Amino acid sequence: MHTKEKCCCCSFENVKETTDWLLSRTRHRPKIAVVCGSGLGILADGVTNKQTFSYEDIPNFPVSTVPGHEGRLVFGYVKDKACVFMQGRVHLYEGYTLCKVTYPVRIFKLMGVETIIVTNASGGLCEDYKVGDIMIIKDHINLPGFAGQHPLCGPNDERFGIRFPCMSDAYSKDLRKLALSVGSDLGYSNFIREGVYCMVSGPNFETIAEARMLHILGSDSVGMSTVPEVTVAKHAGLRVLGISLITNKVSLDYSREEKANHEEVLETGQMRAEMLQKLLQTLISRYDQLDSNQMESLNSH
Ligand SMILES: O=P(O)(O)O[C@@H]1C[C@H](O)[C@@H](CO)O1
Ligand SMILES: Nc1nc2[nH]cnc2c(=O)[nH]1
C-alpha cells in the first residue's frame, strides 16, 4: 500500500526516461497497444516490420516471471496500423506493486498510443460458458481495489490523469461493437460472449465458496490481471478493449471434479490463439471504422 510516498520507481520522470529510451531506439510510433495474456504471446507473431526488445533490457521495465509470458515488447504493423505488443505481462502476485504492473501502460501513453487492447486468460463462472469461449469484457469488478490494492492510490500526478477518474465506461462501447461484429463476420458467434470480468490477486485459483460469491456478485469470469492496466489506461484517457479467453471452467459445485491448473490455461490459449489472432488482426485492420460513420451500420446490427 502506498502512503504518502509514491512507489520509488514509477514517477513521471521514470516513465519519461523509459519512453525516451525506447523512442530513441525505434522508428515505430504505435497508436495501438496490445497486452498478451497467459499463453497468448502468439498474438504478436503476425506483425510485419518487427522490432523486438526484451523486458530485461528496457530501463525500469518490469520483467515477467511466469511461464506463458515471454517478456518481449514487439513493435510492428498489423496491416497498415502501427502497433506495439506486450508479449507477456507482470502480475500483482509476482510481488510487483500495481504501479509497476501498470508501468508499461503509461509508457504507451507517453509514446502516443491512443487505444489499448488488453487480453487475458480467465476462468468461466457462467454455467453456459465453455472452455475456449472468447469474452469481450463489458465491465469489471476490481476486487483488490476494494481492499486498497489500487494502482491509482497515492499522490495523483495530473500529467497522467485526473484524481477521480470515471470507470462506468471503462470499456469502449464502439470497440466492443466492432469486436462483436468482426467476430460474427469471422463465423465466431457461437463462442463469442460479452461479460463481466472480476480480478482477484491470485496466485491460487478459487475455492468453490469464493467462486460462488464472485458469480453472485455479477462476475462472468475471473482472472488475476487486466483491471489495473485498464484502470490506468482509462485514467490516462486511452480507449480500451478487453478480451478474455475462457481457458477453464471454475467449479461452483462441490460434486464437480474440475481442478484448475496453469497447464490447462496455456493449452486452451494454444488451442484458440490462431482464432484470437485473426479476430485481433481483422479488428485492427477495420479500426478506421470507429472514427467514421460506418459505426452507424454496426450500431443498427
Ligand atoms: O496474464 P493472465 O491474466 O492472462 O494470466 C492468467 C492469470 C494467471 O497469471 C494465470 C493462471 O493460469 O493465467
Ligand atoms: N483467478 C483465476 N484466474 C484464472 N486465470 C485463468 N483461469 C483462471 C481461474 O480459473 N481463476
# chains A, B, ... in the order shown; residues from 1 in each chain; ligands from 1
call {"tool": "select_by_dssp", "arguments": {"residues": "range 23-249 of chain A", "states": "helix (DSSP H, G or I)", "output": "VMD selection string"}}
result
chain A and resid 23 41 to 44 55 to 57 92 to 94 98 to 101 103 to 111 143 to 146 173 to 185 189 to 191 208 to 216 227 to 235
call {"tool": "residues_near_ligand", "arguments": {"ligand": "ligand 1", "cutoff": "8 Å", "atoms": "only C-alpha atoms and all ligand atoms", "output": "MDAnalysis selection string"}}
result
chainID A and resid 36:40 66 69 88:91 119:122 202:203 205 223:226 244 261:266
call {"tool": "residues_around", "arguments": {"residues": "range 269-282 of chain A", "least_positions_apart": "2", "cutoff": "9 Å", "atoms": "only C-alpha atoms", "output": "ChimeraX atom specification"}}
result
/A:37-46,78-79,117,121,132-134,179,182-183,186,188,245-247,264-267,284-287
call {"tool": "closest_residue", "arguments": {"among": "A:Glu206, A:His150, A:Gly123, A:Pro165", "to": "Val222 in chain A", "atoms": "only C-alpha atoms"}}
result
A:Gly123
call {"tool": "residues_around", "arguments": {"residues": "Ala260 in chain A", "least_positions_apart": "5", "cutoff": "8 Å", "atoms": "only C-alpha atoms", "output": "list in words"}}
result
Phe205, Asn248, Lys249 and Val250 of chain A
call {"tool": "atom_distance", "arguments": {"atom1": "CA of Pro62 in chain A", "atom2": "CA of Phe12 in chain A"}}
result
15.9 Å
call {"tool": "residues_around", "arguments": {"residues": "Glu158 in chain A", "least_positions_apart": "6", "cutoff": "12 Å", "atoms": "only C-alpha atoms", "output": "PyMOL selection string"}}
result
chain A and resi 11-12+152+164-165+235-237
call {"tool": "write_last_selection", "arguments": {"atoms": "N, CA and C atoms", "output": "CSV table (one decimal), in the first residue's frame"}}
result
chain,number,residue,atom,x,y,z
A,11,SER,N,7.7,7.2,-11.1
A,11,SER,CA,7.3,8.6,-11.2
A,11,SER,C,7.2,9.0,-12.7
A,12,PHE,N,6.7,10.2,-13.0
A,12,PHE,CA,6.6,10.7,-14.3
A,12,PHE,C,7.9,10.7,-15.0
A,152,LEU,N,-4.0,3.5,-8.6
A,152,LEU,CA,-4.1,5.0,-8.5
A,152,LEU,C,-4.0,5.5,-7.1
A,164,PHE,N,-9.9,11.7,-9.8
A,164,PHE,CA,-11.1,10.8,-9.6
A,164,PHE,C,-11.6,10.4,-11.0
A,165,PRO,N,-11.0,9.5,-11.6
A,165,PRO,CA,-11.5,9.1,-13.0
A,165,PRO,C,-12.8,8.3,-12.9
A,235,HIS,N,-7.6,6.1,-16.9
A,235,HIS,CA,-7.1,7.3,-16.2
A,235,HIS,C,-6.3,8.2,-17.1
A,236,ALA,N,-5.5,7.6,-18.0
A,236,ALA,CA,-4.7,8.3,-19.0
A,236,ALA,C,-5.5,8.7,-20.3
A,237,GLY,N,-6.8,8.4,-20.3
A,237,GLY,CA,-7.5,8.8,-21.5
A,237,GLY,C,-7.4,7.9,-22.7
call {"tool": "closest_residue", "arguments": {"among": "A:Trp21, A:Phe85, A:Tyr96, A:Tyr103", "to": "Ile58 in chain A", "atoms": "only C-alpha atoms"}}
result
A:Trp21
call {"tool": "select_by_dssp", "arguments": {"residues": "range 65-184 of chain A", "states": "strand (DSSP E or B)", "output": "VMD selection string"}}
result
chain A and resid 72 to 78 81 to 87 115 to 124 134 to 142
call {"tool": "closest_residue", "arguments": {"among": "A:Val63, A:Cys153, A:Met199, A:Leu110", "to": "Ser221 in chain A", "atoms": "only C-alpha atoms"}}
result
A:Met199
call {"tool": "residues_around", "arguments": {"residues": "Met167 in chain A", "least_positions_apart": "2", "cutoff": "9 Å", "atoms": "only C-alpha atoms", "output": "PyMOL selection string"}}
result
chain A and resi 139+165+169-171+231+234-235
call {"tool": "residues_around", "arguments": {"residues": "Glu194 in chain A", "least_positions_apart": "6", "cutoff": "7 Å", "atoms": "only C-alpha atoms", "output": "PyMOL selection string"}}
result
chain A and resi 135-138
